[in-house]
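Trainee: Just one file: entry16.txt, with compact mmCIF, C-alpha atoms.
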# COMPACT_ATOMS: atom_id res chain seq x y z
CA MET X 775 -84.68 96.63 76.25
CA GLN X 776 -87.87 95.57 78.00
CA ASN X 777 -88.96 93.20 80.72
CA GLY X 778 -90.39 89.81 79.80
CA PRO X 779 -94.14 90.56 79.85
CA ALA X 780 -93.72 93.74 77.77
CA VAL X 781 -91.67 91.87 75.17
CA ARG X 782 -94.23 89.09 74.95
CA ARG X 783 -97.14 91.54 74.56
CA ARG X 784 -95.38 93.32 71.73
CA LYS X 785 -94.35 90.12 69.99
CA LEU X 786 -97.83 88.66 70.35
CA GLY X 787 -99.38 91.85 68.99
CA ALA X 788 -97.00 91.95 66.03
CA GLU X 789 -97.72 88.32 65.14
CA LEU X 790 -101.50 88.84 65.40
CA ARG X 791 -101.21 91.91 63.18
CA ALA X 792 -99.26 89.90 60.59
CA LEU X 793 -101.88 87.15 60.65
CA ARG X 794 -104.68 89.71 60.25
CA THR X 795 -103.09 91.38 57.26
CA GLY X 796 -102.28 87.96 55.80
CA ALA X 797 -105.99 87.16 56.03
CA GLY X 798 -106.76 90.35 54.08
CA LEU X 799 -108.59 92.05 56.95
CA THR X 800 -108.45 95.58 58.29
CA SER X 801 -108.43 96.06 62.05
CA GLY X 802 -112.01 97.27 61.86
CA GLU X 803 -113.11 94.20 59.92
CA ALA X 804 -111.35 91.92 62.39
CA ALA X 805 -113.04 93.70 65.29
CA ARG X 806 -116.48 93.23 63.74
CA LEU X 807 -115.83 89.51 63.18
CA VAL X 808 -115.22 88.96 66.90
CA GLY X 809 -117.68 91.56 68.21
CA TRP X 810 -115.18 94.12 69.56
CA HIS X 811 -114.42 97.77 69.08
CA GLN X 812 -111.65 98.48 66.59
CA SER X 813 -109.63 100.21 69.33
CA LYS X 814 -109.28 96.90 71.23
CA VAL X 815 -107.70 95.21 68.23
CA SER X 816 -105.32 98.16 67.82
CA ARG X 817 -104.28 98.11 71.49
CA ILE X 818 -103.58 94.38 71.31
CA GLU X 819 -101.54 94.69 68.12
CA THR X 820 -99.38 97.51 69.47
CA GLY X 821 -98.82 95.73 72.78
CA ALA X 822 -100.45 98.60 74.64
CA SER X 823 -102.69 96.19 76.52
CA GLY X 824 -102.64 92.54 77.39
CA VAL X 825 -104.97 89.98 75.87
CA LYS X 826 -106.61 86.91 77.34
CA PRO X 827 -105.93 83.49 75.81
CA ALA X 828 -109.65 83.18 74.99
CA ASP X 829 -109.46 86.41 72.97
CA VAL X 830 -106.40 85.15 71.11
CA ARG X 831 -108.35 82.01 70.16
CA LEU X 832 -111.16 84.20 68.81
CA LEU X 833 -108.75 86.18 66.64
CA LEU X 834 -106.93 83.08 65.39
CA ASP X 835 -110.23 81.48 64.44
CA ALA X 836 -111.33 84.68 62.69
CA TYR X 837 -108.06 84.76 60.73
CA GLY X 838 -108.37 81.08 59.78
CA GLU X 839 -105.07 80.18 61.45
CA ARG X 840 -104.84 76.39 61.81
CA ASP X 841 -101.10 75.90 62.51
CA GLY X 842 -101.21 74.03 65.83
CA GLN X 843 -97.67 74.93 66.91
CA LEU X 844 -98.16 78.62 66.18
CA ARG X 845 -101.51 78.67 68.00
CA GLU X 846 -99.96 77.06 71.10
CA LEU X 847 -97.06 79.50 71.08
CA LEU X 848 -99.29 82.56 70.78
CA LEU X 849 -101.55 81.25 73.54
CA MET X 850 -98.48 80.81 75.72
CA LEU X 851 -97.48 84.43 75.06
CA ALA X 852 -100.98 85.44 76.14
CA GLY X 853 -100.53 83.62 79.44
CA SER X 854 -102.38 80.39 78.77
CA GLU X 855 -102.20 78.08 81.77
CA GLU X 856 -101.51 75.14 79.52
CA ALA X 857 -99.90 74.85 76.09
CA GLY X 858 -99.13 71.73 74.18
CA GLY X 859 -100.28 69.63 77.14
CA ARG X 860 -97.52 71.08 79.35
CA SER X 861 -98.96 72.68 82.47
CA ARG X 862 -97.25 75.72 83.90
CA TRP X 863 -95.80 73.74 86.79
CA TRP X 864 -93.77 76.69 88.08
CA HIS X 865 -96.96 78.43 89.23
CA ALA X 866 -96.78 76.20 92.30
CA TYR X 867 -93.60 78.11 93.24
CA ARG X 868 -95.06 81.58 92.63
CA GLY X 869 -94.40 82.62 96.20
CA ILE X 870 -90.63 82.11 95.97
CA LEU X 871 -89.83 82.84 92.31
CA PRO X 872 -89.36 86.47 91.24
CA PRO X 873 -91.40 87.49 88.17
CA THR X 874 -88.30 87.69 85.95
CA TYR X 875 -87.39 84.07 86.74
CA ARG X 876 -90.96 82.93 86.01
CA ASP X 877 -90.81 84.77 82.70
CA PHE X 878 -87.54 83.05 81.84
CA ILE X 879 -88.94 79.59 82.66
CA SER X 880 -92.04 80.33 80.60
CA LEU X 881 -89.96 81.14 77.52
CA GLU X 882 -87.67 78.18 78.13
CA SER X 883 -90.60 75.78 78.36
CA GLN X 884 -91.97 76.78 74.95
CA ALA X 885 -88.78 77.47 73.00
CA THR X 886 -87.57 74.95 70.45
CA GLY X 887 -83.97 76.11 70.62
CA MET X 888 -81.69 77.73 73.17
CA ARG X 889 -78.20 79.11 72.58
CA THR X 890 -76.25 80.15 75.65
CA LEU X 891 -72.84 81.52 76.51
CA GLU X 892 -71.81 80.83 80.10
CA THR X 893 -68.73 82.45 81.60
CA THR X 894 -69.08 81.67 85.31
CA VAL X 895 -71.30 78.67 86.09
CA VAL X 896 -72.65 75.55 84.39
CA PRO X 897 -75.99 76.20 82.59
CA GLY X 898 -78.95 75.44 84.83
CA LEU X 899 -80.26 72.77 82.45
CA LEU X 900 -77.05 70.78 82.92
CA GLN X 901 -76.47 71.16 86.67
CA THR X 902 -76.41 68.31 89.18
CA PRO X 903 -78.54 68.73 92.33
CA GLU X 904 -75.48 69.29 94.54
CA TYR X 905 -73.98 71.85 92.18
CA ALA X 906 -77.33 73.64 91.82
CA ARG X 907 -77.61 73.82 95.60
CA ALA X 908 -74.11 75.26 96.00
CA VAL X 909 -74.66 77.86 93.26
CA THR X 910 -78.03 78.93 94.67
CA ARG X 911 -76.67 79.18 98.22
CA ALA X 912 -73.80 81.38 97.02
CA ALA X 913 -76.07 83.60 94.91
CA LEU X 914 -78.61 84.11 97.72
CA ASP X 915 -76.50 84.70 100.79
CA GLY X 916 -78.42 83.83 103.94
CA VAL X 917 -81.25 81.97 102.17
CA ASP X 918 -83.13 79.63 104.51
CA GLU X 919 -83.07 75.88 103.90
CA GLU X 920 -86.75 75.60 102.97
CA ARG X 921 -86.50 78.18 100.21
CA LEU X 922 -83.18 76.74 99.09
CA ASP X 923 -84.76 73.29 98.71
CA ALA X 924 -87.60 74.75 96.65
CA LEU X 925 -85.28 76.70 94.35
CA VAL X 926 -83.19 73.59 93.68
CA GLU X 927 -86.40 71.67 92.91
CA VAL X 928 -87.28 74.34 90.34
CA ARG X 929 -83.82 74.16 88.78
CA LEU X 930 -84.07 70.39 88.39
CA ALA X 931 -87.67 70.52 87.11
CA ARG X 932 -86.57 72.92 84.36
CA GLN X 933 -84.32 70.19 83.00
CA ASP X 934 -87.38 68.26 81.81
CA VAL X 935 -87.33 70.35 78.62
CA LEU X 936 -84.34 68.27 77.50
CA ARG X 937 -86.44 65.12 77.85
CA ALA X 938 -89.62 66.49 76.29
CA ASP X 939 -91.01 65.25 72.97
CA PRO X 940 -89.61 66.98 71.04
CA PRO X 941 -86.79 68.11 73.34
CA LEU X 942 -85.34 71.58 73.55
CA GLU X 943 -82.29 71.85 71.28
CA LEU X 944 -79.52 73.25 73.50
CA SER X 945 -76.29 74.76 72.16
CA ALA X 946 -73.93 75.92 74.89
CA VAL X 947 -70.50 77.52 74.81
CA LEU X 948 -68.72 77.34 78.17
CA ASP X 949 -65.73 79.46 79.03
CA GLU X 950 -63.01 77.28 80.56
CA ALA X 951 -63.47 79.24 83.81
CA VAL X 952 -66.82 77.45 84.23
CA LEU X 953 -64.99 74.13 84.38
CA ARG X 954 -62.12 75.33 86.57
CA ARG X 955 -64.15 77.20 89.20
CA GLU X 956 -64.60 74.75 92.06
CA ILE X 957 -68.16 75.10 93.33
CA GLY X 958 -69.39 72.96 96.21
CA GLY X 959 -66.05 71.25 96.79
CA PRO X 960 -63.95 68.73 94.81
CA GLU X 961 -66.48 65.88 94.93
CA VAL X 962 -69.41 68.03 93.84
CA MET X 963 -67.34 69.47 91.01
CA ALA X 964 -66.15 66.04 89.89
CA ARG X 965 -69.74 64.81 89.63
CA GLN X 966 -70.72 67.98 87.78
CA LEU X 967 -67.98 67.51 85.20
CA ALA X 968 -69.04 63.90 84.74
CA ARG X 969 -72.62 65.11 84.22
CA LEU X 970 -71.44 67.51 81.52
CA VAL X 971 -69.74 64.67 79.68
CA GLU X 972 -72.95 62.64 79.93
CA CYS X 973 -75.09 65.52 78.66
CA ALA X 974 -72.65 66.33 75.84
CA ARG X 975 -73.42 62.92 74.34
CA LEU X 976 -77.14 63.66 74.06
CA PRO X 977 -78.25 64.31 70.45
CA GLN X 978 -80.19 67.42 71.50
CA VAL X 979 -77.18 69.00 73.24
CA ARG X 980 -74.22 70.67 71.52
CA LEU X 981 -71.60 71.57 74.11
CA GLN X 982 -68.38 73.44 73.31
CA VAL X 983 -65.57 74.70 75.52
CA LEU X 984 -63.87 78.04 74.93
CA PRO X 985 -60.39 77.40 76.36
CA PHE X 986 -58.23 80.03 78.03
CA ALA X 987 -55.86 79.65 75.08
CA ALA X 988 -58.47 81.30 72.86
CA GLY X 989 -57.58 84.60 74.52
CA ALA X 990 -59.88 87.62 74.29
CA HIS X 991 -63.25 86.93 72.68
CA VAL X 992 -66.57 88.58 71.94
CA GLY X 993 -68.17 86.92 74.98
CA LEU X 994 -66.07 88.86 77.48
CA THR X 995 -68.98 91.28 77.92
CA GLY X 996 -70.90 88.57 79.75
CA PRO X 997 -73.24 85.58 79.43
CA PHE X 998 -76.43 85.62 77.38
CA VAL X 999 -79.23 83.35 76.22
CA ILE X 1000 -80.98 83.32 72.84
CA PHE X 1001 -84.38 81.62 72.71
CA SER X 1002 -85.73 80.56 69.31
CA PHE X 1003 -89.17 79.31 68.34
CA GLN X 1004 -89.97 76.98 65.47
CA SER X 1005 -93.13 78.67 64.21
CA THR X 1006 -91.64 82.12 63.64
CA SER X 1007 -88.26 83.78 64.12
CA ASP X 1008 -90.08 87.04 64.90
CA LEU X 1009 -90.63 85.70 68.42
CA ASP X 1010 -86.94 85.00 69.09
CA VAL X 1011 -85.46 86.94 72.01
CA VAL X 1012 -82.13 87.54 73.77
CA VAL X 1013 -82.05 87.43 77.57
CA LEU X 1014 -79.33 89.14 79.60
CA ASP X 1015 -79.21 88.29 83.30
CA GLN X 1016 -78.33 90.94 85.87
CA LEU X 1017 -78.04 90.72 89.64
CA THR X 1018 -81.59 91.82 90.38
CA SER X 1019 -83.40 91.49 87.04
CA SER X 1020 -83.27 90.23 83.46
CA LEU X 1021 -83.30 92.32 80.30
CA TYR X 1022 -84.93 91.16 77.06
CA LEU X 1023 -83.69 92.33 73.66
CA GLU X 1024 -86.18 91.91 70.84
CA ARG X 1025 -85.03 94.19 68.01
CA LYS X 1026 -83.93 92.39 64.86
CA GLU X 1027 -80.57 94.17 64.90
CA ASP X 1028 -79.94 93.03 68.49
CA LEU X 1029 -80.87 89.44 67.65
CA LYS X 1030 -78.62 89.54 64.59
CA ALA X 1031 -75.68 90.88 66.63
CA TYR X 1032 -76.01 88.19 69.32
CA LEU X 1033 -76.50 85.39 66.80
CA GLU X 1034 -73.35 86.50 64.99
CA ALA X 1035 -71.49 86.71 68.30
CA PHE X 1036 -72.59 83.19 69.23
CA ASN X 1037 -71.54 81.83 65.84
CA THR X 1038 -68.13 83.47 66.27
CA LEU X 1039 -67.77 81.91 69.72
CA GLN X 1040 -68.57 78.48 68.30
CA ILE X 1041 -65.88 78.92 65.64
CA HIS X 1042 -63.23 79.79 68.24
CA ALA X 1043 -64.33 77.14 70.73
CA LEU X 1044 -63.21 73.52 70.66
CA SER X 1045 -65.31 71.15 68.59
CA PRO X 1046 -67.99 69.19 70.48
CA GLU X 1047 -65.82 66.07 70.30
CA ASP X 1048 -62.67 67.83 71.53
CA SER X 1049 -64.72 69.64 74.18
CA LEU X 1050 -65.96 66.33 75.56
CA ASP X 1051 -62.36 65.10 75.86
CA TYR X 1052 -61.30 68.42 77.41
CA ILE X 1053 -64.00 68.26 80.08
CA ALA X 1054 -63.17 64.62 80.84
CA GLY X 1055 -59.48 65.54 81.12
CA ILE X 1056 -60.19 68.28 83.67
CA GLY X 1057 -62.35 65.85 85.59
CA ASP X 1058 -59.49 63.37 85.63
CA GLY X 1059 -57.09 66.04 86.87
CA ALA X 1060 -55.20 66.37 83.60
Kindly present the structure from the file in C-alpha cells form.
Mentor:
Amino acid sequence: MQNGPAVRRRKLGAELRALRTGAGLTSGEAARLVGWHQSKVSRIETGASGVKPADVRLLLDAYGERDGQLRELLLMLAGSEEAGGRSRWWHAYRGILPPTYRDFISLESQATGMRTLETTVVPGLLQTPEYARAVTRAALDGVDEERLDALVEVRLARQDVLRADPPLELSAVLDEAVLRREIGGPEVMARQLARLVECARLPQVRLQVLPFAAGAHVGLTGPFVIFSFQSTSDLDVVVLDQLTSSLYLERKEDLKAYLEAFNTLQIHALSPEDSLDYIAGIGDGA
C-alpha cells in the first residue's frame, strides 16, 4: 500500500515502459531519442523519480503514441495543470486541503468509472449542501466557519464530474445504515434522501441499497473506492480512507479481490429499481 503520488509515479512509469517496449526501443535508445541519459529513463520507469509533463510529452512523441485519451491520462499522472481542458480547480484550495484529499480529487477528476461501497455516509458526489456541511462539521470537530464553507464548496465542485462530457460512471452500494443515520436533522436528511432518488435516475449513476436483511456481508470491513480509467486497466486503483490518511492499493491481486467483493455486494443488494423505491419509502417514513 502506497500514498497517492507514489502510486501514480509507479503506474506512470509502468505505462511508459510498456509503450517503449511496444515501440521496439531499449531504454538506451529511448534516452538517445530525447537527449537524456539512460539512467533517467530507468528512474522514471521504476517510479524512483518524478517526471515533468513536458518530459512525458517528449517520450510519448518518441514512442509514436497518438491516443489522445491515454496521453491526457499520463500527463495527469505526471501532474499536468490541465488535462482534457479541465483545469485543476482544487489548486485554489491548496491551503485547506490535505495532500491525500487533493490526490483523491485528482484521480476522481480523470477517472472514467468509480465503484464505491459506503457504510456510514452518503457518497460525496451525491450529497446535498446541507448534508455535506453537517458531515464535514462532525468529521472536523471545532472547524471554523470559513474553512467549513470552503470544504463544502470543494465537495459540491467535485460533483461536476457527474455532469462532464462524458460523465463519470458511478456505481454505488449503500449500506442501509447510510439511509437510516440522521445527519443534520430530519429536514436535512429528508432532502438528502430525495436527492438520492433524483440521482439514482441519472443514466450515469447505478445506486443499490444493501438492506439490513442481507445480514453479514463482505463489506463489513469498511468502505472503499475503486477508480477505473478507460485507456488502460493497469492504472486502476483502490482507495481506502482512514481517519488521518488514505491508502492506495495498486497490485493486480488487490484490485481483483476488491472488484470481486464489489460484484458480490451488488448481487446481494437490492436492484437499482427496488433500491430507488426503498430509499423513497424511508424518505416517506415507511
Trainee: Quick one: of X:Lys1030, X:Arg784, X:Arg831, X:Arg868, who's nearest to Leu844 of chain X, counting all atoms listed in the file?
Mentor: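 So, comparing all the options, the nearest one is X:Arg831.
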Trainee: Between atom CA of Ala906 of chain X and atom CA of Gln933 of chain X, what is the distance, to one decimal in Å?
Mentor: 11.8 Å
Trainee: When you look at Leu807 of chain X with a cut-off of 10 Å (counting all atoms listed in the file), what residues show up, excluding the ones that are within fewer than 4 positions of it in the same chain? I need them as a count of residues only.
Mentor: 9
Trainee: Just to confirm, what's the straight-line distance from atom CA of Ile1000 of chain X to atom CA of Asp934 of chain X in Å (one decimal)?
Mentor: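 Atom-to-atom, atom CA of Ile1000 of chain X to atom CA of Asp934 of chain X, that is 18.7 Å.
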Trainee: When you count all atoms listed in the file, which of these residues is closest to Glu819 of chain X: X:Arg782, X:Arg975, X:Lys1026, X:Arg965?
Mentor: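 The shortest atom-to-atom distance to Glu819 of chain X comes from X:Arg782.
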Trainee: Choose the residue, out of X:Leu948, X:Ile870, X:Ala788, X:Leu970, that has the smallest atom-to-atom separation from Gly996 of chain X; count all atoms listed in the file.
Mentor: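 Among the listed residues, the smallest separation from Gly996 of chain X belongs to X:Leu948.
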Trainee: How many Å lie between atom CA of Tyr1022 of chain X and atom CA of Val999 of chain X, rounded to one decimal?
Mentor: 9.7 Å
Trainee: Place a sphere of radius 9 Å on (-61.6, 73.3, 76.9) in the file coordinates and name every protein, DNA or RNA residue with an atom inside or on its surface, counting all atoms listed in the file; give the answer as a ChimeraX atom specification.
Mentor: /X:948-950,953,982-987,1043-1044,1048-1053,1056
Trainee: Could you tell me which of X:Ala1031, X:Val1011, X:Leu851, X:Ile879 comes closest to His865 of chain X if we count all atoms listed in the file?
Mentor: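 Residue with the minimum atom-to-atom distance to His865 of chain X: X:Ile879.
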Trainee: Of the candidates X:Arg980, X:Arg794, X:His1042, X:Arg932, which one gets nearest to Gly898 of chain X if we count only C-alpha atoms?
Mentor: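 The answer is X:Arg932, which sits nearest to Gly898 of chain X.
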Trainee: Of the candidates X:Gly887, X:Gly993, X:Gly1057, X:Pro872, which shows the shortest atom-to-atom distance to Glu961 of chain X, using only C-alpha atoms?
Mentor: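 Checking each of X:Gly887, X:Gly993, X:Gly1057, X:Pro872 against Glu961 of chain X, counting only C-alpha atoms, the winner is X:Gly1057.
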Trainee: Is there a way to get, as a VMD selection string, all residues within 12 Å of the point (-71.7, 64.5, 90.8) in file coordinates, counting all atoms listed in the file?
Mentor: chain X and resid 900 to 906 957 to 972 1057
Trainee: Once you have the residues from the selection above, write them out as an mmCIF file, in the frame of the given file, restricted to C-alpha atoms.
Mentor:
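part_13.cif, freshly written:
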data_model
loop_
_atom_site.group_PDB
_atom_site.id
_atom_site.type_symbol
_atom_site.label_atom_id
_atom_site.label_comp_id
_atom_site.auth_asym_id
_atom_site.auth_seq_id
_atom_site.Cartn_x
_atom_site.Cartn_y
_atom_site.Cartn_z
ATOM 1 C CA LEU X 900 -77.050 70.780 82.920
ATOM 2 C CA GLN X 901 -76.470 71.160 86.670
ATOM 3 C CA THR X 902 -76.410 68.310 89.180
ATOM 4 C CA PRO X 903 -78.540 68.730 92.330
ATOM 5 C CA GLU X 904 -75.480 69.290 94.540
ATOM 6 C CA TYR X 905 -73.980 71.850 92.180
ATOM 7 C CA ALA X 906 -77.330 73.640 91.820
ATOM 8 C CA ILE X 957 -68.160 75.100 93.330
ATOM 9 C CA GLY X 958 -69.390 72.960 96.210
ATOM 10 C CA GLY X 959 -66.050 71.250 96.790
ATOM 11 C CA PRO X 960 -63.950 68.730 94.810
ATOM 12 C CA GLU X 961 -66.480 65.880 94.930
ATOM 13 C CA VAL X 962 -69.410 68.030 93.840
ATOM 14 C CA MET X 963 -67.340 69.470 91.010
ATOM 15 C CA ALA X 964 -66.150 66.040 89.890
ATOM 16 C CA ARG X 965 -69.740 64.810 89.630
ATOM 17 C CA GLN X 966 -70.720 67.980 87.780
ATOM 18 C CA LEU X 967 -67.980 67.510 85.200
ATOM 19 C CA ALA X 968 -69.040 63.900 84.740
ATOM 20 C CA ARG X 969 -72.620 65.110 84.220
ATOM 21 C CA LEU X 970 -71.440 67.510 81.520
ATOM 22 C CA VAL X 971 -69.740 64.670 79.680
ATOM 23 C CA GLU X 972 -72.950 62.640 79.930
ATOM 24 C CA GLY X 1057 -62.350 65.850 85.590
#
